[in-house]
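*Asks:* Please find query_13.cif (mmCIF, C-alpha atoms, pLDDT in the B column; chains and numbers go by the auth columns) on the next line:
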```
data_run
loop_
_atom_site.group_PDB
_atom_site.id
_atom_site.type_symbol
_atom_site.label_atom_id
_atom_site.label_comp_id
_atom_site.label_asym_id
_atom_site.label_seq_id
_atom_site.Cartn_x
_atom_site.Cartn_y
_atom_site.Cartn_z
_atom_site.B_iso_or_equiv
_atom_site.auth_seq_id
_atom_site.auth_asym_id
ATOM 1 C CA MET A 1 11.163 -23.011 1.065 83.00 1 C
ATOM 2 C CA GLU A 2 11.896 -25.891 3.404 93.00 2 C
ATOM 3 C CA VAL A 3 9.805 -26.236 6.545 94.00 3 C
ATOM 4 C CA SER A 4 12.810 -27.466 8.540 94.00 4 C
ATOM 5 C CA ASN A 5 14.762 -24.317 7.603 96.00 5 C
ATOM 6 C CA ILE A 6 11.880 -22.079 8.663 97.00 6 C
ATOM 7 C CA ASN A 7 11.652 -23.903 11.981 96.00 7 C
ATOM 8 C CA GLU A 8 15.409 -23.611 12.477 97.00 8 C
ATOM 9 C CA LYS A 9 15.329 -19.863 11.822 97.00 9 C
ATOM 10 C CA PHE A 10 12.574 -19.299 14.386 96.00 10 C
ATOM 11 C CA GLU A 11 14.250 -21.557 16.948 97.00 11 C
ATOM 12 C CA SER A 12 17.415 -19.454 16.622 97.00 12 C
ATOM 13 C CA TYR A 13 15.648 -16.536 18.372 97.00 13 C
ATOM 14 C CA ASP A 14 17.630 -14.320 15.978 96.00 14 C
ATOM 15 C CA SER A 15 15.519 -11.402 14.708 94.00 15 C
ATOM 16 C CA HIS A 16 17.270 -11.305 11.324 95.00 16 C
ATOM 17 C CA LYS A 17 16.756 -15.037 10.723 97.00 17 C
ATOM 18 C CA ILE A 18 13.123 -14.779 11.785 96.00 18 C
ATOM 19 C CA TRP A 19 12.672 -11.859 9.393 95.00 19 C
ATOM 20 C CA GLU A 20 14.200 -13.992 6.594 96.00 20 C
ATOM 21 C CA ALA A 21 11.834 -16.845 7.488 97.00 21 C
ATOM 22 C CA THR A 22 8.906 -14.412 7.481 96.00 22 C
ATOM 23 C CA TRP A 23 9.563 -13.429 3.890 95.00 23 C
ATOM 24 C CA GLU A 24 10.164 -17.031 2.814 97.00 24 C
ATOM 25 C CA ILE A 25 6.702 -17.811 4.168 97.00 25 C
ATOM 26 C CA LEU A 26 5.119 -14.794 2.466 95.00 26 C
ATOM 27 C CA ARG A 27 6.712 -15.812 -0.850 95.00 27 C
ATOM 28 C CA CYS A 28 5.581 -19.444 -0.605 95.00 28 C
ATOM 29 C CA ASP A 29 2.420 -20.572 -2.362 93.00 29 C
ATOM 30 C CA ASP A 30 2.869 -24.324 -1.793 95.00 30 C
ATOM 31 C CA ILE A 31 -0.234 -25.376 0.153 95.00 31 C
ATOM 32 C CA ASP A 32 1.401 -28.601 1.378 96.00 32 C
ATOM 33 C CA LYS A 33 4.328 -26.714 2.923 97.00 33 C
ATOM 34 C CA LEU A 34 2.065 -24.030 4.361 97.00 34 C
ATOM 35 C CA THR A 35 -0.169 -26.724 5.867 97.00 35 C
ATOM 36 C CA GLU A 36 2.876 -28.344 7.446 97.00 36 C
ATOM 37 C CA LEU A 37 3.949 -24.955 8.829 96.00 37 C
ATOM 38 C CA SER A 38 0.512 -24.305 10.339 97.00 38 C
ATOM 39 C CA ALA A 39 1.297 -26.771 13.148 96.00 39 C
ATOM 40 C CA PHE A 40 4.243 -24.570 14.187 97.00 40 C
ATOM 41 C CA ILE A 41 2.322 -21.286 14.464 97.00 41 C
ATOM 42 C CA PRO A 42 1.748 -21.548 18.256 97.00 42 C
ATOM 43 C CA ARG A 43 5.461 -22.226 18.854 97.00 43 C
ATOM 44 C CA PHE A 44 6.533 -19.480 16.445 97.00 44 C
ATOM 45 C CA SER A 45 4.142 -17.033 18.144 97.00 45 C
ATOM 46 C CA ASP A 46 5.677 -17.836 21.538 97.00 46 C
ATOM 47 C CA ILE A 47 9.164 -17.241 20.148 97.00 47 C
ATOM 48 C CA LEU A 48 8.082 -13.980 18.528 95.00 48 C
ATOM 49 C CA LYS A 49 6.904 -12.672 21.932 95.00 49 C
ATOM 50 C CA GLN A 50 10.477 -13.096 23.220 95.00 50 C
ATOM 51 C CA VAL A 51 12.365 -11.452 20.346 94.00 51 C
ATOM 52 C CA ASP A 52 12.737 -7.745 19.604 90.00 52 C
ATOM 53 C CA MET A 53 12.195 -7.716 15.837 91.00 53 C
ATOM 54 C CA GLY A 54 13.024 -4.030 15.408 87.00 54 C
ATOM 55 C CA GLY A 55 11.978 -1.989 12.418 79.00 55 C
ATOM 56 C CA ALA A 56 12.592 1.647 11.594 74.00 56 C
ATOM 57 C CA VAL A 57 9.563 2.734 9.572 69.00 57 C
ATOM 58 C CA ARG A 58 7.332 -0.175 10.545 74.00 58 C
ATOM 59 C CA LYS A 59 7.524 -2.980 13.085 84.00 59 C
ATOM 60 C CA ASN A 60 9.013 -6.146 11.580 86.00 60 C
ATOM 61 C CA GLU A 61 6.945 -8.088 14.102 91.00 61 C
ATOM 62 C CA ASP A 62 3.839 -7.024 12.150 90.00 62 C
ATOM 63 C CA ASP A 63 5.185 -8.707 9.025 91.00 63 C
ATOM 64 C CA THR A 64 5.820 -11.922 10.951 94.00 64 C
ATOM 65 C CA LYS A 65 2.299 -11.854 12.356 94.00 65 C
ATOM 66 C CA LEU A 66 1.064 -11.333 8.800 94.00 66 C
ATOM 67 C CA ALA A 67 2.989 -14.458 7.759 96.00 67 C
ATOM 68 C CA PHE A 68 1.122 -16.459 10.421 97.00 68 C
ATOM 69 C CA GLU A 69 -2.198 -15.057 9.199 95.00 69 C
ATOM 70 C CA TYR A 70 -1.178 -15.826 5.623 96.00 70 C
ATOM 71 C CA ILE A 71 -0.558 -19.480 6.497 97.00 71 C
ATOM 72 C CA LYS A 72 -3.995 -19.762 8.124 97.00 72 C
ATOM 73 C CA LYS A 73 -5.932 -17.981 5.389 96.00 73 C
ATOM 74 C CA ARG A 74 -4.094 -19.602 2.478 96.00 74 C
ATOM 75 C CA CYS A 75 -4.633 -23.062 3.988 96.00 75 C
ATOM 76 C CA SER A 76 -8.344 -22.283 4.367 96.00 76 C
ATOM 77 C CA GLY A 77 -8.598 -21.660 0.627 95.00 77 C
ATOM 78 C CA LEU A 78 -8.068 -17.935 0.157 95.00 78 C
ATOM 79 C CA CYS A 79 -5.954 -16.851 -2.788 95.00 79 C
ATOM 80 C CA ARG A 80 -2.555 -15.389 -1.943 94.00 80 C
ATOM 81 C CA CYS A 81 -3.653 -12.031 -3.338 94.00 81 C
ATOM 82 C CA PHE A 82 -5.681 -11.284 -0.186 93.00 82 C
ATOM 83 C CA LEU A 83 -2.316 -10.065 1.172 93.00 83 C
ATOM 84 C CA TYR A 84 -2.360 -7.009 -1.071 93.00 84 C
ATOM 85 C CA THR A 85 -5.296 -5.328 0.623 89.00 85 C
ATOM 86 C CA TYR A 86 -4.883 -6.838 4.086 84.00 86 C
ATOM 87 C CA SER A 87 -5.081 -4.357 6.968 69.00 87 C
ATOM 88 C CA GLY A 88 -2.390 -1.761 6.491 68.00 88 C
ATOM 89 C CA HIS A 89 0.316 -3.917 4.958 66.00 89 C
ATOM 90 C CA ASN A 90 1.665 -1.813 2.125 79.00 90 C
ATOM 91 C CA MET A 91 5.057 -3.329 1.345 83.00 91 C
ATOM 92 C CA PHE A 92 4.152 -5.520 -1.629 91.00 92 C
ATOM 93 C CA ASN A 93 5.930 -4.085 -4.667 93.00 93 C
ATOM 94 C CA PRO A 94 3.934 -4.962 -7.809 96.00 94 C
ATOM 95 C CA LYS A 95 7.136 -5.263 -9.872 96.00 95 C
ATOM 96 C CA LYS A 96 8.585 -7.797 -7.450 96.00 96 C
ATOM 97 C CA GLU A 97 5.268 -9.629 -7.246 96.00 97 C
ATOM 98 C CA SER A 98 5.284 -9.797 -11.048 97.00 98 C
ATOM 99 C CA ASP A 99 8.878 -11.089 -11.110 97.00 99 C
ATOM 100 C CA LEU A 100 7.751 -13.846 -8.727 95.00 100 C
ATOM 101 C CA ALA A 101 4.810 -14.627 -11.081 96.00 101 C
ATOM 102 C CA PHE A 102 2.162 -13.798 -8.460 97.00 102 C
ATOM 103 C CA VAL A 103 0.657 -10.991 -10.569 97.00 103 C
ATOM 104 C CA ASP A 104 0.729 -9.737 -14.141 98.00 104 C
ATOM 105 C CA ILE A 105 1.261 -6.009 -14.660 98.00 105 C
ATOM 106 C CA ASP A 106 -1.302 -4.895 -17.228 97.00 106 C
ATOM 107 C CA LYS A 107 -0.304 -1.216 -17.236 97.00 107 C
ATOM 108 C CA ALA A 108 2.181 1.069 -15.474 95.00 108 C
ATOM 109 C CA THR A 109 1.983 4.868 -15.593 94.00 109 C
ATOM 110 C CA ILE A 110 4.352 7.407 -14.076 90.00 110 C
ATOM 111 C CA ILE A 111 2.645 10.473 -12.597 87.00 111 C
ATOM 112 C CA LYS A 112 5.519 12.993 -12.508 83.00 112 C
ATOM 113 C CA GLU A 113 3.594 15.779 -10.767 83.00 113 C
ATOM 114 C CA VAL A 114 3.208 13.746 -7.588 79.00 114 C
ATOM 115 C CA GLN A 115 6.233 11.465 -8.039 80.00 115 C
ATOM 116 C CA GLU A 116 4.122 8.312 -8.116 86.00 116 C
ATOM 117 C CA GLN A 117 3.759 5.310 -10.327 90.00 117 C
ATOM 118 C CA HIS A 118 0.346 3.721 -10.832 95.00 118 C
ATOM 119 C CA PHE A 119 -0.188 0.112 -11.874 97.00 119 C
ATOM 120 C CA SER A 120 -3.047 -2.031 -13.069 97.00 120 C
ATOM 121 C CA VAL A 121 -2.340 -5.639 -12.139 97.00 121 C
ATOM 122 C CA THR A 122 -4.071 -9.005 -12.300 98.00 122 C
ATOM 123 C CA CYS A 123 -3.572 -11.882 -9.878 97.00 123 C
ATOM 124 C CA SER A 124 -1.984 -14.777 -11.750 97.00 124 C
ATOM 125 C CA THR A 125 -3.975 -17.319 -9.734 95.00 125 C
ATOM 126 C CA CYS A 126 -7.539 -16.008 -9.453 96.00 126 C
ATOM 127 C CA SER A 127 -7.487 -13.178 -12.044 97.00 127 C
ATOM 128 C CA LYS A 128 -8.654 -10.561 -9.536 97.00 128 C
ATOM 129 C CA LYS A 129 -7.765 -7.052 -10.707 97.00 129 C
ATOM 130 C CA TYR A 130 -6.025 -4.416 -8.606 96.00 130 C
ATOM 131 C CA LYS A 131 -4.984 -0.796 -8.878 96.00 131 C
ATOM 132 C CA VAL A 132 -1.696 0.017 -7.144 95.00 132 C
ATOM 133 C CA ARG A 133 -0.272 3.398 -6.258 93.00 133 C
ATOM 134 C CA GLU A 134 3.475 3.499 -5.555 91.00 134 C
ATOM 135 C CA VAL A 135 4.369 6.412 -3.294 84.00 135 C
ATOM 136 C CA HIS A 136 7.903 7.678 -2.611 77.00 136 C
ATOM 137 C CA GLY A 137 7.053 10.062 0.224 66.00 137 C
ATOM 138 C CA TRP A 138 8.825 8.159 3.018 63.00 138 C
ATOM 139 C CA HIS A 139 12.255 6.592 3.465 68.00 139 C
ATOM 140 C CA VAL A 140 11.182 3.661 1.305 73.00 140 C
ATOM 141 C CA PRO A 141 8.424 3.370 -1.262 81.00 141 C
ATOM 142 C CA TRP A 142 5.082 2.041 -0.081 84.00 142 C
ATOM 143 C CA TYR A 143 2.239 0.611 -2.110 90.00 143 C
ATOM 144 C CA GLU A 144 -1.466 1.285 -1.840 91.00 144 C
ATOM 145 C CA TRP A 145 -3.404 -1.644 -3.317 94.00 145 C
ATOM 146 C CA SER A 146 -7.122 -1.507 -4.035 93.00 146 C
ATOM 147 C CA SER A 147 -9.511 -3.827 -5.807 90.00 147 C
ATOM 148 C CA SER A 148 -10.506 -2.654 -9.268 82.00 148 C
#
```
How does the structure come out when it is put into structure tokens?
*Replies:*
Amino acid sequence: MEVSNINEKFESYDSHKIWEATWEILRCDDIDKLTELSAFIPRFSDILKQVDMGGAVRKNEDDTKLAFEYIKKRCSGLCRCFLYTYSGHNMFNPKKESDLAFVDIDKATIIKEVQEQHFSVTCSTCSKKYKVREVHGWHVPWYEWSSS
């Protein structure tokens, strides 16, 4: 992730580019880059107020606001894994998080009766343990994370 690219995407006022920037931020764990981005949060927030971010099942604006909160909390010393149980954000797929080396999947179990998959995962940074329930009851799967 390059800070200049993130800034450029927000300055475009293009909802799709801002959404891309949002997920680049949420996938970044480089404290130096996040610290540099923290200076742009007021400007990015002003831009966000002027852009319709859309979202069918959930508001994409909420994800962007989460990215701002992530920058603040990560720069203050919190581990990235606080995102998993943060106020109603249930889009973090444990398989994808594992592919990105943010967590290790210790166990995965399919529960056929309720069409769910359950995971036991460990944060790769702080070793905090989580239980995750993957639910396919909506248009897209959602993930319920809880501390073990």
*Asks:* List, as a ChimeraX atom specification, every residue that the PyMOL selection byres ((chain C and resi 16) around 12) selects in the file provided.
*Replies:* /C:9-10,12-15,17-23,48,51-55,60-61,64
*Asks:* Would you save the residues of that selection, restricted to C-alpha atoms, as a compact mmCIF listing (two decimals), keeping the file's coordinate frame?
*Replies:*
```
# COMPACT_ATOMS: atom_id res chain seq x y z
CA LYS C 9 15.33 -19.86 11.82
CA PHE C 10 12.57 -19.30 14.39
CA SER C 12 17.42 -19.45 16.62
CA TYR C 13 15.65 -16.54 18.37
CA ASP C 14 17.63 -14.32 15.98
CA SER C 15 15.52 -11.40 14.71
CA LYS C 17 16.76 -15.04 10.72
CA ILE C 18 13.12 -14.78 11.78
CA TRP C 19 12.67 -11.86 9.39
CA GLU C 20 14.20 -13.99 6.59
CA ALA C 21 11.83 -16.84 7.49
CA THR C 22 8.91 -14.41 7.48
CA TRP C 23 9.56 -13.43 3.89
CA LEU C 48 8.08 -13.98 18.53
CA VAL C 51 12.36 -11.45 20.35
CA ASP C 52 12.74 -7.74 19.60
CA MET C 53 12.20 -7.72 15.84
CA GLY C 54 13.02 -4.03 15.41
CA GLY C 55 11.98 -1.99 12.42
CA ASN C 60 9.01 -6.15 11.58
CA GLU C 61 6.94 -8.09 14.10
CA THR C 64 5.82 -11.92 10.95
```
*Asks:* Take the point (-0.7, 0.4, -15.6) in the file's coordinates, draw a sphere of radius 6 Å around it, and report as a PyMOL selection string every protein, DNA or RNA residue with an atom inside or on it, counting all atoms listed in the file.
*Replies:* chain C and resi 106-109+118-120
*Asks:* Using only C-alpha atoms, find the one residue out of C:Arg43, C:Ser38, C:Glu116, C:Tyr143 that sits nearest to Lys96 (chain C).
*Replies:*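 Between C:Arg43, C:Ser38, C:Glu116, C:Tyr143, the residue approaching Lys96 (chain C) most closely is C:Tyr143.
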*Asks:* Could you tell me which of C:Val132, C:Ala39, C:Leu34, C:Asp29 comes closest to Glu144 (chain C) if we count all atoms listed in the file?
*Replies:*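 Nearest candidate to Glu144 (chain C) out of C:Val132, C:Ala39, C:Leu34, C:Asp29: C:Val132.
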*Asks:* Mind pulling up the distance from CA of Ser147 (chain C) to CA of Lys128 (chain C)?
*Replies:* 7.7 Å
*Asks:* Measuring atom to atom with all atoms listed in the file, identify which of C:Val3, C:Ile31, C:Cys126, C:Ala56 is nearest to Cys81 (chain C).
*Replies:*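 Using all atoms listed in the file, Cys81 (chain C) sits closest to C:Cys126.
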*Asks:* Quick one: distance from CA of Ser146 (chain C) to CA of Ser98 (chain C) in Å, one decimal?
*Replies:*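 Taking CA of Ser146 (chain C) as the start and CA of Ser98 (chain C) as the end point, the length is 16.5 Å.
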*Asks:* Using all atoms listed in the file, determine which residues lie at most 12 Å from Glu69 (chain C), disregarding the query and same-chain residues fewer than 4 positions distant; provide the list as a ChimeraX atom specification.
*Replies:* /C:22,25-26,34,37-38,41-42,45,62-65,73-76,78,80,82-83,86-87
*Asks:* Padding 6 Å on every side, please: axis-aligned box over the listed atoms of region 10-26 of chain C, centre and edge lengths to one decimal in Å, as JSON.
*Replies:*
```
{"center_x": 11.4, "center_y": -16.4, "center_z": 10.4, "size_x": 24.5, "size_y": 22.3, "size_z": 27.9}
```
*Asks:* Will you model N, CA and C atoms for region 102-133 of chain C and pass it back as a PDB file, in the frame of the given file?
*Replies:*
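File written: rebuild.pdb
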```pdb
ATOM      1  N   PHE C 102       3.393 -13.847  -9.236  1.00 97.00           N
ATOM      2  CA  PHE C 102       2.162 -13.798  -8.460  1.00 97.00           C
ATOM      3  C   PHE C 102       1.121 -12.902  -9.116  1.00 97.00           C
ATOM      4  N   VAL C 103       1.569 -11.885  -9.857  1.00 97.00           N
ATOM      5  CA  VAL C 103       0.657 -10.991 -10.569  1.00 97.00           C
ATOM      6  C   VAL C 103       1.223 -10.705 -11.958  1.00 97.00           C
ATOM      7  N   ASP C 104       0.331 -10.241 -12.828  1.00 98.00           N
ATOM      8  CA  ASP C 104       0.729  -9.737 -14.141  1.00 98.00           C
ATOM      9  C   ASP C 104       0.468  -8.234 -14.123  1.00 98.00           C
ATOM     10  N   ILE C 105       1.451  -7.454 -14.561  1.00 98.00           N
ATOM     11  CA  ILE C 105       1.261  -6.009 -14.660  1.00 98.00           C
ATOM     12  C   ILE C 105       0.644  -5.717 -16.020  1.00 98.00           C
ATOM     13  N   ASP C 106      -0.586  -5.196 -16.000  1.00 97.00           N
ATOM     14  CA  ASP C 106      -1.302  -4.895 -17.228  1.00 97.00           C
ATOM     15  C   ASP C 106      -0.912  -3.518 -17.771  1.00 97.00           C
ATOM     16  N   LYS C 107      -0.626  -2.588 -16.841  1.00 97.00           N
ATOM     17  CA  LYS C 107      -0.304  -1.216 -17.236  1.00 97.00           C
ATOM     18  C   LYS C 107       0.465  -0.547 -16.101  1.00 97.00           C
ATOM     19  N   ALA C 108       1.442   0.270 -16.458  1.00 95.00           N
ATOM     20  CA  ALA C 108       2.181   1.069 -15.474  1.00 95.00           C
ATOM     21  C   ALA C 108       2.304   2.489 -16.022  1.00 95.00           C
ATOM     22  N   THR C 109       1.955   3.465 -15.189  1.00 94.00           N
ATOM     23  CA  THR C 109       1.983   4.868 -15.593  1.00 94.00           C
ATOM     24  C   THR C 109       2.710   5.686 -14.545  1.00 94.00           C
ATOM     25  N   ILE C 110       3.648   6.511 -14.987  1.00 90.00           N
ATOM     26  CA  ILE C 110       4.352   7.407 -14.076  1.00 90.00           C
ATOM     27  C   ILE C 110       3.603   8.732 -14.026  1.00 90.00           C
ATOM     28  N   ILE C 111       3.312   9.192 -12.813  1.00 87.00           N
ATOM     29  CA  ILE C 111       2.645  10.473 -12.597  1.00 87.00           C
ATOM     30  C   ILE C 111       3.709  11.415 -12.028  1.00 87.00           C
ATOM     31  N   LYS C 112       4.371  12.168 -12.901  1.00 83.00           N
ATOM     32  CA  LYS C 112       5.519  12.993 -12.508  1.00 83.00           C
ATOM     33  C   LYS C 112       5.153  14.075 -11.495  1.00 83.00           C
ATOM     34  N   GLU C 113       3.984  14.665 -11.636  1.00 83.00           N
ATOM     35  CA  GLU C 113       3.594  15.779 -10.767  1.00 83.00           C
ATOM     36  C   GLU C 113       3.606  15.404  -9.289  1.00 83.00           C
ATOM     37  N   VAL C 114       3.271  14.180  -8.989  1.00 79.00           N
ATOM     38  CA  VAL C 114       3.208  13.746  -7.588  1.00 79.00           C
ATOM     39  C   VAL C 114       4.255  12.679  -7.262  1.00 79.00           C
ATOM     40  N   GLN C 115       5.158  12.447  -8.190  1.00 80.00           N
ATOM     41  CA  GLN C 115       6.233  11.465  -8.039  1.00 80.00           C
ATOM     42  C   GLN C 115       5.698  10.101  -7.614  1.00 80.00           C
ATOM     43  N   GLU C 116       4.730   9.616  -8.378  1.00 86.00           N
ATOM     44  CA  GLU C 116       4.122   8.312  -8.116  1.00 86.00           C
ATOM     45  C   GLU C 116       4.108   7.497  -9.397  1.00 86.00           C
ATOM     46  N   GLN C 117       3.999   6.195  -9.208  1.00 90.00           N
ATOM     47  CA  GLN C 117       3.759   5.310 -10.327  1.00 90.00           C
ATOM     48  C   GLN C 117       2.484   4.544 -10.009  1.00 90.00           C
ATOM     49  N   HIS C 118       1.609   4.430 -10.999  1.00 95.00           N
ATOM     50  CA  HIS C 118       0.346   3.721 -10.832  1.00 95.00           C
ATOM     51  C   HIS C 118       0.376   2.476 -11.709  1.00 95.00           C
ATOM     52  N   PHE C 119      -0.176   1.389 -11.171  1.00 97.00           N
ATOM     53  CA  PHE C 119      -0.188   0.112 -11.874  1.00 97.00           C
ATOM     54  C   PHE C 119      -1.603  -0.444 -11.930  1.00 97.00           C
ATOM     55  N   SER C 120      -1.880  -1.158 -12.984  1.00 97.00           N
ATOM     56  CA  SER C 120      -3.047  -2.031 -13.069  1.00 97.00           C
ATOM     57  C   SER C 120      -2.470  -3.438 -13.127  1.00 97.00           C
ATOM     58  N   VAL C 121      -2.892  -4.283 -12.189  1.00 97.00           N
ATOM     59  CA  VAL C 121      -2.340  -5.639 -12.139  1.00 97.00           C
ATOM     60  C   VAL C 121      -3.467  -6.658 -12.019  1.00 97.00           C
ATOM     61  N   THR C 122      -3.134  -7.895 -12.392  1.00 98.00           N
ATOM     62  CA  THR C 122      -4.071  -9.005 -12.300  1.00 98.00           C
ATOM     63  C   THR C 122      -3.396 -10.151 -11.567  1.00 98.00           C
ATOM     64  N   CYS C 123      -4.097 -10.727 -10.599  1.00 97.00           N
ATOM     65  CA  CYS C 123      -3.572 -11.882  -9.878  1.00 97.00           C
ATOM     66  C   CYS C 123      -3.409 -13.048 -10.858  1.00 97.00           C
ATOM     67  N   SER C 124      -2.269 -13.668 -10.833  1.00 97.00           N
ATOM     68  CA  SER C 124      -1.984 -14.777 -11.750  1.00 97.00           C
ATOM     69  C   SER C 124      -2.758 -16.041 -11.401  1.00 97.00           C
ATOM     70  N   THR C 125      -3.255 -16.123 -10.172  1.00 95.00           N
ATOM     71  CA  THR C 125      -3.975 -17.319  -9.734  1.00 95.00           C
ATOM     72  C   THR C 125      -5.477 -17.200  -9.945  1.00 95.00           C
ATOM     73  N   CYS C 126      -6.073 -16.113  -9.422  1.00 96.00           N
ATOM     74  CA  CYS C 126      -7.539 -16.008  -9.453  1.00 96.00           C
ATOM     75  C   CYS C 126      -8.058 -14.952 -10.424  1.00 96.00           C
ATOM     76  N   SER C 127      -7.148 -14.215 -11.061  1.00 97.00           N
ATOM     77  CA  SER C 127      -7.487 -13.178 -12.044  1.00 97.00           C
ATOM     78  C   SER C 127      -8.157 -11.936 -11.455  1.00 97.00           C
ATOM     79  N   LYS C 128      -8.121 -11.769 -10.138  1.00 97.00           N
ATOM     80  CA  LYS C 128      -8.654 -10.561  -9.536  1.00 97.00           C
ATOM     81  C   LYS C 128      -7.802  -9.375  -9.957  1.00 97.00           C
ATOM     82  N   LYS C 129      -8.453  -8.256 -10.217  1.00 97.00           N
ATOM     83  CA  LYS C 129      -7.765  -7.052 -10.707  1.00 97.00           C
ATOM     84  C   LYS C 129      -7.553  -6.066  -9.558  1.00 97.00           C
ATOM     85  N   TYR C 130      -6.388  -5.400  -9.617  1.00 96.00           N
ATOM     86  CA  TYR C 130      -6.025  -4.416  -8.606  1.00 96.00           C
ATOM     87  C   TYR C 130      -5.466  -3.166  -9.263  1.00 96.00           C
ATOM     88  N   LYS C 131      -5.660  -2.056  -8.564  1.00 96.00           N
ATOM     89  CA  LYS C 131      -4.984  -0.796  -8.878  1.00 96.00           C
ATOM     90  C   LYS C 131      -3.957  -0.605  -7.764  1.00 96.00           C
ATOM     91  N   VAL C 132      -2.752  -0.178  -8.137  1.00 95.00           N
ATOM     92  CA  VAL C 132      -1.696   0.017  -7.144  1.00 95.00           C
ATOM     93  C   VAL C 132      -1.082   1.387  -7.352  1.00 95.00           C
ATOM     94  N   ARG C 133      -0.911   2.087  -6.240  1.00 93.00           N
ATOM     95  CA  ARG C 133      -0.272   3.398  -6.258  1.00 93.00           C
ATOM     96  C   ARG C 133       1.038   3.267  -5.494  1.00 93.00           C
TER      97      ARG C 133
END
```
